[in-house]
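Below is input-v2.txt, holding compact mmCIF, C-alpha atoms.
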# COMPACT_ATOMS: atom_id res chain seq x y z
CA ALA A 65 -26.46 -37.42 0.89
CA GLN A 66 -27.12 -35.92 -2.49
CA SER A 67 -24.63 -33.49 -3.95
CA VAL A 68 -23.49 -31.94 -7.21
CA THR A 69 -19.95 -31.01 -8.13
CA GLN A 70 -19.11 -28.79 -11.06
CA LEU A 71 -15.47 -28.92 -12.03
CA GLY A 72 -14.12 -25.55 -13.01
CA SER A 73 -15.70 -22.34 -11.79
CA HIS A 74 -14.66 -20.59 -14.98
CA VAL A 75 -14.28 -21.94 -18.49
CA SER A 76 -13.09 -19.86 -21.41
CA VAL A 77 -13.38 -20.93 -25.04
CA SER A 78 -13.01 -19.27 -28.41
CA GLU A 79 -16.03 -18.65 -30.60
CA GLY A 80 -16.65 -21.74 -32.68
CA ALA A 81 -14.82 -24.05 -30.30
CA LEU A 82 -16.23 -26.97 -28.38
CA VAL A 83 -17.87 -26.22 -25.06
CA LEU A 84 -17.51 -28.80 -22.28
CA LEU A 85 -18.85 -28.09 -18.81
CA ARG A 86 -18.37 -30.86 -16.29
CA CYS A 87 -20.83 -32.07 -13.69
CA ASN A 88 -20.62 -35.01 -11.32
CA TYR A 89 -23.29 -36.03 -8.90
CA SER A 90 -23.80 -38.18 -5.85
CA SER A 91 -27.14 -39.80 -5.22
CA SER A 92 -28.32 -43.00 -3.56
CA VAL A 93 -31.41 -43.12 -5.75
CA PRO A 94 -31.79 -42.89 -9.52
CA PRO A 95 -31.14 -39.24 -10.26
CA TYR A 96 -33.02 -36.59 -12.12
CA LEU A 97 -30.44 -34.17 -13.53
CA PHE A 98 -30.75 -30.73 -15.03
CA TRP A 99 -28.65 -28.02 -16.61
CA TYR A 100 -29.71 -24.40 -16.23
CA VAL A 101 -28.28 -21.21 -17.67
CA GLN A 102 -28.33 -17.86 -15.89
CA TYR A 103 -27.63 -14.51 -17.49
CA PRO A 104 -26.62 -11.58 -15.25
CA ASN A 105 -29.34 -10.46 -12.86
CA GLN A 106 -31.81 -12.91 -14.29
CA GLY A 107 -33.46 -16.11 -13.19
CA LEU A 108 -32.66 -19.57 -14.42
CA GLN A 109 -33.56 -21.02 -17.77
CA LEU A 110 -33.76 -24.76 -18.25
CA LEU A 111 -31.37 -26.02 -20.92
CA LEU A 112 -32.10 -29.71 -20.66
CA LYS A 113 -33.04 -32.47 -18.27
CA TYR A 114 -32.42 -36.16 -17.72
CA THR A 115 -35.27 -38.13 -16.19
CA SER A 116 -34.23 -41.74 -16.78
CA ALA A 117 -35.11 -41.92 -20.45
CA ALA A 118 -32.42 -41.59 -23.11
CA THR A 119 -28.92 -41.11 -21.72
CA LEU A 120 -28.04 -38.54 -24.38
CA VAL A 121 -30.23 -35.53 -23.82
CA LYS A 122 -30.61 -32.72 -26.32
CA GLY A 123 -31.57 -29.29 -25.10
CA ILE A 124 -32.08 -25.81 -26.37
CA ASN A 125 -29.53 -23.61 -28.13
CA GLY A 126 -27.58 -26.61 -29.44
CA PHE A 127 -26.57 -27.96 -26.04
CA GLU A 128 -26.63 -31.60 -25.10
CA ALA A 129 -25.57 -33.70 -22.15
CA GLU A 130 -24.83 -37.36 -21.64
CA PHE A 131 -25.75 -39.24 -18.51
CA LYS A 132 -23.08 -41.77 -17.53
CA LYS A 133 -24.08 -43.79 -14.53
CA SER A 134 -20.73 -45.55 -14.22
CA GLU A 135 -18.98 -42.20 -14.00
CA THR A 136 -21.79 -40.43 -12.08
CA SER A 137 -21.45 -37.65 -14.60
CA PHE A 138 -23.72 -35.42 -16.62
CA HIS A 139 -21.39 -33.21 -18.66
CA LEU A 140 -22.80 -30.45 -20.86
CA THR A 141 -21.46 -29.95 -24.36
CA LYS A 142 -21.98 -27.80 -27.41
CA PRO A 143 -20.02 -28.38 -30.62
CA SER A 144 -19.52 -24.73 -31.51
CA ALA A 145 -19.60 -21.87 -29.02
CA HIS A 146 -21.36 -18.63 -29.81
CA MET A 147 -20.81 -15.29 -28.16
CA SER A 148 -24.35 -15.41 -26.82
CA ASP A 149 -23.50 -18.56 -24.86
CA ALA A 150 -21.49 -16.53 -22.35
CA ALA A 151 -23.32 -16.97 -19.06
CA GLU A 152 -23.32 -18.91 -15.80
CA TYR A 153 -24.28 -22.56 -16.04
CA PHE A 154 -25.63 -24.63 -13.19
CA CYS A 155 -25.95 -28.37 -12.95
CA ALA A 156 -28.72 -29.52 -10.61
CA LEU A 157 -29.91 -32.74 -9.06
CA GLY A 158 -33.49 -33.44 -8.11
CA GLY A 159 -33.74 -33.56 -4.33
CA SER A 160 -35.87 -35.86 -2.24
CA GLN A 161 -38.29 -33.03 -1.40
CA GLY A 162 -38.82 -32.13 -5.02
CA ASN A 163 -36.38 -29.26 -4.73
CA LEU A 164 -33.19 -28.89 -6.74
CA ILE A 165 -29.67 -29.26 -5.43
CA PHE A 166 -27.36 -27.02 -7.38
CA GLY A 167 -23.69 -27.17 -8.15
CA LYS A 168 -21.60 -24.07 -7.58
CA GLY A 169 -21.90 -23.02 -11.18
CA THR A 170 -19.48 -22.54 -14.05
CA LYS A 171 -19.03 -19.21 -15.73
CA LEU A 172 -18.54 -19.62 -19.45
CA SER A 173 -16.65 -16.92 -21.33
CA VAL A 174 -16.52 -16.90 -25.11
CA LYS A 175 -13.67 -15.09 -26.83
CA PRO A 176 -14.13 -13.66 -30.33
CA GLY B 300 -44.19 -22.57 -21.43
CA ALA B 301 -45.16 -21.92 -17.84
CA VAL B 302 -44.30 -18.48 -16.52
CA VAL B 303 -43.35 -17.47 -13.00
CA SER B 304 -43.10 -13.83 -12.07
CA GLN B 305 -41.51 -12.13 -9.11
CA HIS B 306 -42.19 -8.69 -7.76
CA PRO B 307 -40.34 -6.52 -7.20
CA SER B 308 -37.39 -7.28 -9.45
CA TRP B 309 -35.20 -5.20 -7.20
CA VAL B 310 -35.63 -3.37 -3.92
CA ILE B 311 -33.49 -1.21 -1.67
CA CYS B 312 -34.52 -0.88 1.94
CA LYS B 313 -33.13 0.47 5.15
CA SER B 314 -31.83 -1.74 7.90
CA GLY B 315 -34.57 -2.73 10.32
CA THR B 316 -37.43 -2.55 7.86
CA SER B 317 -39.34 -5.45 6.33
CA VAL B 318 -39.60 -6.34 2.68
CA LYS B 319 -42.14 -8.58 0.95
CA ILE B 320 -41.34 -10.43 -2.25
CA GLU B 321 -44.10 -12.00 -4.31
CA CYS B 322 -43.83 -15.07 -6.50
CA ARG B 323 -46.67 -15.81 -8.88
CA SER B 324 -47.36 -18.63 -11.29
CA LEU B 325 -49.10 -16.87 -14.14
CA ASP B 326 -50.58 -19.67 -16.20
CA PHE B 327 -50.59 -22.72 -13.98
CA GLN B 328 -51.38 -23.73 -10.44
CA ALA B 329 -48.38 -24.30 -8.24
CA THR B 330 -48.90 -26.81 -5.49
CA THR B 331 -45.34 -26.32 -4.30
CA MET B 332 -43.05 -23.32 -4.42
CA PHE B 333 -39.42 -23.13 -3.48
CA TRP B 334 -37.43 -20.13 -2.31
CA TYR B 335 -33.73 -19.96 -3.06
CA ARG B 336 -31.07 -17.47 -2.12
CA GLN B 337 -28.06 -16.70 -4.24
CA PHE B 338 -25.06 -14.75 -3.01
CA PRO B 339 -22.85 -12.99 -5.56
CA LYS B 340 -20.94 -15.43 -7.74
CA GLN B 341 -22.31 -18.38 -5.79
CA SER B 342 -24.85 -21.07 -6.32
CA LEU B 343 -28.50 -21.17 -5.32
CA MET B 344 -29.21 -22.40 -1.83
CA LEU B 345 -32.64 -23.67 -0.93
CA MET B 346 -34.19 -21.65 1.89
CA ALA B 347 -37.61 -23.20 2.21
CA THR B 348 -40.31 -25.24 0.57
CA SER B 349 -43.89 -24.09 0.73
CA ASN B 350 -47.00 -26.06 -0.08
CA GLU B 351 -50.28 -24.30 -0.65
CA GLY B 352 -52.31 -24.06 2.53
CA SER B 353 -49.67 -25.40 4.89
CA LYS B 354 -46.66 -24.13 6.78
CA ALA B 355 -43.39 -23.81 4.96
CA THR B 356 -40.55 -26.23 5.59
CA TYR B 357 -37.30 -24.39 6.23
CA GLU B 358 -33.82 -25.65 5.56
CA GLN B 359 -31.41 -25.99 8.42
CA GLY B 360 -29.89 -22.66 9.35
CA VAL B 361 -32.68 -20.55 7.87
CA GLU B 362 -34.52 -18.49 10.48
CA LYS B 363 -38.23 -19.04 9.97
CA ASP B 364 -39.11 -16.00 12.09
CA LYS B 365 -36.95 -13.81 9.93
CA PHE B 366 -37.95 -15.18 6.54
CA LEU B 367 -41.72 -15.49 6.64
CA ILE B 368 -43.23 -17.52 3.84
CA ASN B 369 -46.89 -17.60 2.98
CA HIS B 370 -48.42 -19.74 0.25
CA ALA B 371 -52.04 -18.72 0.53
CA SER B 372 -53.16 -19.67 -2.94
CA LEU B 373 -52.16 -21.98 -5.77
CA THR B 374 -50.69 -19.07 -7.71
CA LEU B 375 -49.03 -16.93 -5.08
CA SER B 376 -46.30 -17.34 -2.50
CA THR B 377 -44.70 -14.50 -0.59
CA LEU B 378 -41.39 -14.19 1.20
CA THR B 379 -41.14 -11.46 3.81
CA VAL B 380 -37.71 -10.54 5.10
CA THR B 381 -38.35 -9.07 8.53
CA SER B 382 -36.06 -6.61 10.27
CA ALA B 383 -33.69 -6.72 7.36
CA HIS B 384 -29.96 -6.30 7.85
CA PRO B 385 -27.19 -5.67 5.32
CA GLU B 386 -26.20 -9.35 5.46
CA ASP B 387 -29.65 -10.20 4.08
CA SER B 388 -28.72 -8.46 0.84
CA SER B 389 -28.89 -11.13 -1.81
CA PHE B 390 -30.65 -12.38 -4.92
CA TYR B 391 -33.81 -14.25 -4.03
CA ILE B 392 -35.27 -16.64 -6.58
CA CYS B 393 -38.48 -18.59 -6.38
CA SER B 394 -39.54 -21.61 -8.35
CA ALA B 395 -42.92 -23.20 -8.77
CA ARG B 396 -43.90 -26.79 -9.38
CA SER B 397 -47.22 -27.67 -10.92
CA THR B 398 -47.30 -31.43 -10.51
CA SER B 399 -45.46 -34.03 -8.52
CA GLY B 400 -43.03 -34.48 -11.38
CA LEU B 401 -39.54 -33.15 -10.76
CA ASP B 402 -39.29 -31.82 -14.27
CA GLU B 403 -42.24 -29.48 -13.91
CA GLN B 404 -40.43 -26.74 -12.01
CA TYR B 405 -40.21 -23.19 -13.30
CA PHE B 406 -38.09 -20.34 -12.02
CA GLY B 407 -38.93 -16.72 -11.48
CA PRO B 408 -36.58 -13.99 -12.68
CA GLY B 409 -35.35 -13.23 -9.17
CA THR B 410 -35.44 -10.27 -6.81
CA ARG B 411 -32.33 -8.31 -5.92
CA LEU B 412 -32.54 -7.13 -2.31
CA THR B 413 -30.13 -4.50 -1.04
CA VAL B 414 -30.28 -3.50 2.60
CA THR B 415 -28.51 -0.26 3.48

Starting from the file, lay out its structure as structure tokens.
Amino acid sequence: AQSVTQLGSHVSVSEGALVLLRCNYSSSVPPYLFWYVQYPNQGLQLLLKYTSAATLVKGINGFEAEFKKSETSFHLTKPSAHMSDAAEYFCALGGSQGNLIFGKGTKLSVKP
Amino acid sequence: GAVVSQHPSWVICKSGTSVKIECRSLDFQATTMFWYRQFPKQSLMLMATSNEGSKATYEQGVEKDKFLINHASLTLSTLTVTSAHPEDSSFYICSARSTSGLDEQYFGPGTRLTVT
């Protein structure tokens, strides 16, 4: 069965510090992986996606993620956090029906 | 980029009434639309998959007679919550896919349903 695990429901960093949000997946087929960001009472915005091309994927707003097959991971990073990065982040795996299987989400807080 | 709209953005209804939520792809044709439900501080759970012109496929545990989905055109899918109850209060989000590619999926802004 396909599944996504996000380690840490809440991550807090200081402004300017490194952001690291962890995501591990389980899939019996080559995965398509995504990171989405959700601001309060809003829909989801795609940050970046991995679709079997380069393992290091660069997204919007300075975020990037690295696909590591041996670790079944797709962690999201950003070198320097900004206050505007505070939001909920979801890692997702492409499902067999074309849907998305989401992790439970990680709330990122950024302290001034 | 592709835009998906949802209407209404929020709705309050009384228990026992029905509510219809619309999901529209504004600048592309969506062969497949997905409906997700998100409880407070939780992740999105897939409710159903709808393909234009055919019956929706519901996930296990989702009552198809309660959550009626219609995908009558390539730009519109509707979710009707029938005989709503307070436990149906949630954030409903649709997404639309324009091609068979997994990376061509776009999300609507969501609809907040509150049943009193």

Determine, using all atoms listed in the file, which residues of chain A have any atom at most 8 Å from an atom of chain B, and tabulate each with its shortest atom pair and distance in Å to one decimal place, rows ordered by chain and then rising number, as a Markdown table.
| residue | atom | partner | partner_atom | distance |
| --- | --- | --- | --- | --- |
| A:Tyr96 | CA | B:Leu401 | CA | 7.5 |
| A:Asn105 | CA | B:Gly409 | CA | 7.6 |
| A:Gln106 | CA | B:Pro408 | CA | 5.1 |
| A:Gly107 | CA | B:Pro408 | CA | 3.8 |
| A:Leu108 | CA | B:Phe406 | CA | 6.0 |
| A:Gln109 | CA | B:Phe406 | CA | 7.4 |
| A:Lys113 | CA | B:Asp402 | CA | 7.4 |
| A:Thr115 | CA | B:Asp402 | CA | 7.7 |
| A:Phe154 | CA | B:Ser342 | CA | 7.8 |
| A:Gly158 | CA | B:Leu401 | CA | 6.6 |
| A:Gly162 | CA | B:Leu401 | CA | 5.9 |
| A:Asn163 | CA | B:Phe333 | CA | 7.0 |
| A:Leu164 | CA | B:Leu345 | CA | 7.8 |
| A:Ile165 | CA | B:Met344 | CA | 7.8 |
| A:Phe166 | CA | B:Leu343 | CA | 6.3 |
| A:Gly167 | CA | B:Ser342 | CA | 6.5 |
| A:Lys168 | CA | B:Ser342 | CA | 4.6 |
| A:Gly169 | CA | B:Ser342 | CA | 6.0 |

Selected residues, C-alpha atoms, written as a CSV table (one decimal), keeping the file's coordinate frame, please.
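Here's the written file selection_6.csv:
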chain,number,residue,atom,x,y,z
A,96,TYR,CA,-33.0,-36.6,-12.1
A,105,ASN,CA,-29.3,-10.5,-12.9
A,106,GLN,CA,-31.8,-12.9,-14.3
A,107,GLY,CA,-33.5,-16.1,-13.2
A,108,LEU,CA,-32.7,-19.6,-14.4
A,109,GLN,CA,-33.6,-21.0,-17.8
A,113,LYS,CA,-33.0,-32.5,-18.3
A,115,THR,CA,-35.3,-38.1,-16.2
A,154,PHE,CA,-25.6,-24.6,-13.2
A,158,GLY,CA,-33.5,-33.4,-8.1
A,162,GLY,CA,-38.8,-32.1,-5.0
A,163,ASN,CA,-36.4,-29.3,-4.7
A,164,LEU,CA,-33.2,-28.9,-6.7
A,165,ILE,CA,-29.7,-29.3,-5.4
A,166,PHE,CA,-27.4,-27.0,-7.4
A,167,GLY,CA,-23.7,-27.2,-8.2
A,168,LYS,CA,-21.6,-24.1,-7.6
A,169,GLY,CA,-21.9,-23.0,-11.2

>> Show me, as a PyMOL selection string, the residues that have an atom within 12 Å of range 364-372 of chain B when counting all atoms listed in the file, minus same-chain residues fewer than 5 positions from it.
In response: chain B and resi 315-324+327-336+346-358+377-384+387+391+393+395

> So which residues touch Leu140 in chain A within 10 Å, counting only C-alpha atoms, skipping near sequence neighbours fewer than 3 positions away, as a list in words?
Replying inline: Val83, Leu84, Leu85, Arg86, Cys87, Phe98, Trp99, Leu111, Leu112, Val121, Lys122, Gly123, Phe127, Glu128, Ala129, Glu130, Phe131, Ser137, Tyr153 and Cys155 of chain A

> With distances taken over only C-alpha atoms, which of A:Pro104, A:Gly80, A:Gly72, A:Pro94 is nearest to Ser116 in chain A?
Replying inline: A:Pro94

>> What's around Ser78 in chain A at 10 Å? Count only C-alpha atoms, leave out sequence neighbours fewer than 6 positions away in its own chain, and write the answer as an MDAnalysis selection string.
In response: chainID A and resid 144:147 173:176

>> For a test of reading the model, state the distance in Å between CA of Gly126 in chain A and CA of Ser90 in chain A, rounded to one decimal.
In response: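 Computing it gives 26.5 Å between the two atoms.
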
What's the 12 Å shell around Ala65 in chain A, counting only C-alpha atoms, without same-chain residues fewer than 4 positions away, as a compact mmCIF listing (two decimals) with C-alpha atoms, in the coordinates of the input?
# COMPACT_ATOMS: atom_id res chain seq x y z
CA TYR A 89 -23.29 -36.03 -8.90
CA SER A 90 -23.80 -38.18 -5.85
CA SER A 91 -27.14 -39.80 -5.22
CA SER A 92 -28.32 -43.00 -3.56
CA VAL A 93 -31.41 -43.12 -5.75
CA LEU A 157 -29.91 -32.74 -9.06
CA GLY A 159 -33.74 -33.56 -4.33
CA SER A 160 -35.87 -35.86 -2.24
CA ILE A 165 -29.67 -29.26 -5.43

> What does the distance between CA of Leu82 in chain A and CA of Lys133 in chain A come to in Å, to one decimal place?
Replying inline: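 So the two atoms, CA of Leu82 in chain A and CA of Lys133 in chain A, lie 23.2 Å apart.
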
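CA of Lys171 in chain A sits 11.0 Å away from CA of Leu71 in chain A.
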
All heavy atoms of range 332-345 of chain B from block above, as a PDB file, in the first residue's frame:
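Result file follows (decode_22.pdb):
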ATOM      1  N   MET B 332     -11.711  15.016 -11.796  1.00  0.00           N
ATOM      2  CA  MET B 332     -11.702  15.893 -10.624  1.00  0.00           C
ATOM      3  C   MET B 332     -11.737  15.038  -9.370  1.00  0.00           C
ATOM      4  O   MET B 332     -12.343  13.962  -9.362  1.00  0.00           O
ATOM      5  CB  MET B 332     -12.887  16.863 -10.656  1.00  0.00           C
ATOM      6  CG  MET B 332     -12.737  17.959 -11.706  1.00  0.00           C
ATOM      7  SD  MET B 332     -14.066  19.177 -11.583  1.00  0.00           S
ATOM      8  CE  MET B 332     -13.483  20.418 -12.736  1.00  0.00           C
ATOM      9  N   PHE B 333     -11.074  15.518  -8.355  1.00  0.00           N
ATOM     10  CA  PHE B 333     -11.016  14.817  -7.085  1.00  0.00           C
ATOM     11  C   PHE B 333     -11.642  15.689  -5.998  1.00  0.00           C
ATOM     12  O   PHE B 333     -11.476  16.901  -5.998  1.00  0.00           O
ATOM     13  CB  PHE B 333      -9.563  14.515  -6.699  1.00  0.00           C
ATOM     14  CG  PHE B 333      -8.814  13.706  -7.716  1.00  0.00           C
ATOM     15  CD1 PHE B 333      -8.048  14.330  -8.688  1.00  0.00           C
ATOM     16  CD2 PHE B 333      -8.869  12.320  -7.703  1.00  0.00           C
ATOM     17  CE1 PHE B 333      -7.346  13.585  -9.636  1.00  0.00           C
ATOM     18  CE2 PHE B 333      -8.172  11.573  -8.638  1.00  0.00           C
ATOM     19  CZ  PHE B 333      -7.412  12.203  -9.602  1.00  0.00           C
ATOM     20  N   TRP B 334     -12.323  15.044  -5.076  1.00  0.00           N
ATOM     21  CA  TRP B 334     -12.877  15.755  -3.927  1.00  0.00           C
ATOM     22  C   TRP B 334     -12.198  15.224  -2.662  1.00  0.00           C
ATOM     23  O   TRP B 334     -12.162  14.021  -2.420  1.00  0.00           O
ATOM     24  CB  TRP B 334     -14.385  15.553  -3.844  1.00  0.00           C
ATOM     25  CG  TRP B 334     -15.132  16.344  -4.867  1.00  0.00           C
ATOM     26  CD1 TRP B 334     -15.553  15.924  -6.090  1.00  0.00           C
ATOM     27  CD2 TRP B 334     -15.529  17.714  -4.777  1.00  0.00           C
ATOM     28  NE1 TRP B 334     -16.183  16.936  -6.769  1.00  0.00           N
ATOM     29  CE2 TRP B 334     -16.183  18.051  -5.983  1.00  0.00           C
ATOM     30  CE3 TRP B 334     -15.394  18.695  -3.790  1.00  0.00           C
ATOM     31  CZ2 TRP B 334     -16.713  19.325  -6.227  1.00  0.00           C
ATOM     32  CZ3 TRP B 334     -15.909  19.964  -4.024  1.00  0.00           C
ATOM     33  CH2 TRP B 334     -16.561  20.267  -5.236  1.00  0.00           C
ATOM     34  N   TYR B 335     -11.671  16.186  -1.895  1.00  0.00           N
ATOM     35  CA  TYR B 335     -11.004  15.863  -0.645  1.00  0.00           C
ATOM     36  C   TYR B 335     -11.756  16.529   0.509  1.00  0.00           C
ATOM     37  O   TYR B 335     -12.419  17.553   0.351  1.00  0.00           O
ATOM     38  CB  TYR B 335      -9.557  16.370  -0.648  1.00  0.00           C
ATOM     39  CG  TYR B 335      -8.644  15.742  -1.671  1.00  0.00           C
ATOM     40  CD1 TYR B 335      -8.576  16.235  -2.974  1.00  0.00           C
ATOM     41  CD2 TYR B 335      -7.832  14.673  -1.338  1.00  0.00           C
ATOM     42  CE1 TYR B 335      -7.722  15.677  -3.912  1.00  0.00           C
ATOM     43  CE2 TYR B 335      -6.967  14.111  -2.266  1.00  0.00           C
ATOM     44  CZ  TYR B 335      -6.916  14.613  -3.549  1.00  0.00           C
ATOM     45  OH  TYR B 335      -6.065  14.047  -4.469  1.00  0.00           O
ATOM     46  N   ARG B 336     -11.550  15.952   1.676  1.00  0.00           N
ATOM     47  CA  ARG B 336     -12.132  16.517   2.890  1.00  0.00           C
ATOM     48  C   ARG B 336     -11.001  16.696   3.885  1.00  0.00           C
ATOM     49  O   ARG B 336     -10.131  15.830   4.019  1.00  0.00           O
ATOM     50  CB  ARG B 336     -13.177  15.553   3.435  1.00  0.00           C
ATOM     51  CG  ARG B 336     -13.911  16.039   4.654  1.00  0.00           C
ATOM     52  CD  ARG B 336     -15.025  15.054   4.995  1.00  0.00           C
ATOM     53  NE  ARG B 336     -15.766  15.493   6.165  1.00  0.00           N
ATOM     54  CZ  ARG B 336     -16.819  14.875   6.652  1.00  0.00           C
ATOM     55  NH1 ARG B 336     -17.250  13.760   6.078  1.00  0.00           N
ATOM     56  NH2 ARG B 336     -17.432  15.337   7.718  1.00  0.00           N
ATOM     57  N   GLN B 337     -11.028  17.827   4.558  1.00  0.00           N
ATOM     58  CA  GLN B 337      -9.975  18.119   5.526  1.00  0.00           C
ATOM     59  C   GLN B 337     -10.605  18.559   6.835  1.00  0.00           C
ATOM     60  O   GLN B 337     -11.276  19.590   6.900  1.00  0.00           O
ATOM     61  CB  GLN B 337      -9.043  19.213   4.998  1.00  0.00           C
ATOM     62  CG  GLN B 337      -7.858  19.490   5.908  1.00  0.00           C
ATOM     63  CD  GLN B 337      -6.953  20.573   5.352  1.00  0.00           C
ATOM     64  OE1 GLN B 337      -7.399  21.479   4.654  1.00  0.00           O
ATOM     65  NE2 GLN B 337      -5.660  20.498   5.668  1.00  0.00           N
ATOM     66  N   PHE B 338     -10.378  17.765   7.886  1.00  0.00           N
ATOM     67  CA  PHE B 338     -10.828  18.142   9.211  1.00  0.00           C
ATOM     68  C   PHE B 338      -9.798  19.086   9.824  1.00  0.00           C
ATOM     69  O   PHE B 338      -8.635  19.088   9.416  1.00  0.00           O
ATOM     70  CB  PHE B 338     -11.034  16.906  10.077  1.00  0.00           C
ATOM     71  CG  PHE B 338     -12.217  16.084   9.649  1.00  0.00           C
ATOM     72  CD1 PHE B 338     -12.046  14.917   8.924  1.00  0.00           C
ATOM     73  CD2 PHE B 338     -13.503  16.484   9.958  1.00  0.00           C
ATOM     74  CE1 PHE B 338     -13.138  14.166   8.516  1.00  0.00           C
ATOM     75  CE2 PHE B 338     -14.602  15.746   9.562  1.00  0.00           C
ATOM     76  CZ  PHE B 338     -14.419  14.586   8.829  1.00  0.00           C
ATOM     77  N   PRO B 339     -10.226  19.869  10.818  1.00  0.00           N
ATOM     78  CA  PRO B 339      -9.305  20.846  11.421  1.00  0.00           C
ATOM     79  C   PRO B 339      -7.991  20.224  11.859  1.00  0.00           C
ATOM     80  O   PRO B 339      -7.975  19.172  12.512  1.00  0.00           O
ATOM     81  CB  PRO B 339     -10.101  21.374  12.621  1.00  0.00           C
ATOM     82  CG  PRO B 339     -11.520  21.219  12.214  1.00  0.00           C
ATOM     83  CD  PRO B 339     -11.565  19.952  11.406  1.00  0.00           C
ATOM     84  N   LYS B 340      -6.921  20.849  11.441  1.00  0.00           N
ATOM     85  CA  LYS B 340      -5.565  20.440  11.820  1.00  0.00           C
ATOM     86  C   LYS B 340      -5.249  19.017  11.393  1.00  0.00           C
ATOM     87  O   LYS B 340      -4.417  18.349  12.012  1.00  0.00           O
ATOM     88  CB  LYS B 340      -5.357  20.611  13.327  1.00  0.00           C
ATOM     89  CG  LYS B 340      -5.533  22.053  13.795  1.00  0.00           C
ATOM     90  CD  LYS B 340      -5.263  22.201  15.269  1.00  0.00           C
ATOM     91  CE  LYS B 340      -5.431  23.669  15.687  1.00  0.00           C
ATOM     92  NZ  LYS B 340      -5.164  23.862  17.135  1.00  0.00           N
ATOM     93  N   GLN B 341      -5.893  18.556  10.331  1.00  0.00           N
ATOM     94  CA  GLN B 341      -5.603  17.228   9.807  1.00  0.00           C
ATOM     95  C   GLN B 341      -5.308  17.298   8.319  1.00  0.00           C
ATOM     96  O   GLN B 341      -5.386  18.352   7.705  1.00  0.00           O
ATOM     97  CB  GLN B 341      -6.776  16.283  10.074  1.00  0.00           C
ATOM     98  CG  GLN B 341      -7.015  16.005  11.542  1.00  0.00           C
ATOM     99  CD  GLN B 341      -8.022  14.896  11.753  1.00  0.00           C
ATOM    100  OE1 GLN B 341      -8.131  13.986  10.922  1.00  0.00           O
ATOM    101  NE2 GLN B 341      -8.753  14.955  12.841  1.00  0.00           N
ATOM    102  N   SER B 342      -4.967  16.165   7.789  1.00  0.00           N
ATOM    103  CA  SER B 342      -4.591  16.126   6.385  1.00  0.00           C
ATOM    104  C   SER B 342      -5.815  16.014   5.484  1.00  0.00           C
ATOM    105  O   SER B 342      -6.943  15.927   5.952  1.00  0.00           O
ATOM    106  CB  SER B 342      -3.658  14.945   6.146  1.00  0.00           C
ATOM    107  OG  SER B 342      -3.143  14.993   4.842  1.00  0.00           O
ATOM    108  N   LEU B 343      -5.575  16.040   4.198  1.00  0.00           N
ATOM    109  CA  LEU B 343      -6.647  15.881   3.226  1.00  0.00           C
ATOM    110  C   LEU B 343      -6.898  14.403   2.997  1.00  0.00           C
ATOM    111  O   LEU B 343      -5.958  13.636   2.775  1.00  0.00           O
ATOM    112  CB  LEU B 343      -6.279  16.527   1.893  1.00  0.00           C
ATOM    113  CG  LEU B 343      -6.366  18.042   1.802  1.00  0.00           C
ATOM    114  CD1 LEU B 343      -5.190  18.698   2.510  1.00  0.00           C
ATOM    115  CD2 LEU B 343      -6.414  18.479   0.352  1.00  0.00           C
ATOM    116  N   MET B 344      -8.165  14.028   3.014  1.00  0.00           N
ATOM    117  CA  MET B 344      -8.541  12.650   2.743  1.00  0.00           C
ATOM    118  C   MET B 344      -9.381  12.610   1.478  1.00  0.00           C
ATOM    119  O   MET B 344     -10.364  13.342   1.353  1.00  0.00           O
ATOM    120  CB  MET B 344      -9.336  12.078   3.921  1.00  0.00           C
ATOM    121  CG  MET B 344      -8.569  12.057   5.230  1.00  0.00           C
ATOM    122  SD  MET B 344      -7.069  11.060   5.153  1.00  0.00           S
ATOM    123  CE  MET B 344      -7.781   9.436   4.933  1.00  0.00           C
ATOM    124  N   LEU B 345      -8.992  11.763   0.558  1.00  0.00           N
ATOM    125  CA  LEU B 345      -9.731  11.643  -0.687  1.00  0.00           C
ATOM    126  C   LEU B 345     -11.107  11.066  -0.412  1.00  0.00           C
ATOM    127  O   LEU B 345     -11.249  10.045   0.259  1.00  0.00           O
ATOM    128  CB  LEU B 345      -8.970  10.742  -1.664  1.00  0.00           C
ATOM    129  CG  LEU B 345      -9.640  10.510  -3.017  1.00  0.00           C
ATOM    130  CD1 LEU B 345      -9.672  11.809  -3.821  1.00  0.00           C
ATOM    131  CD2 LEU B 345      -8.907   9.422  -3.805  1.00  0.00           C
TER     132      LEU B 345
END
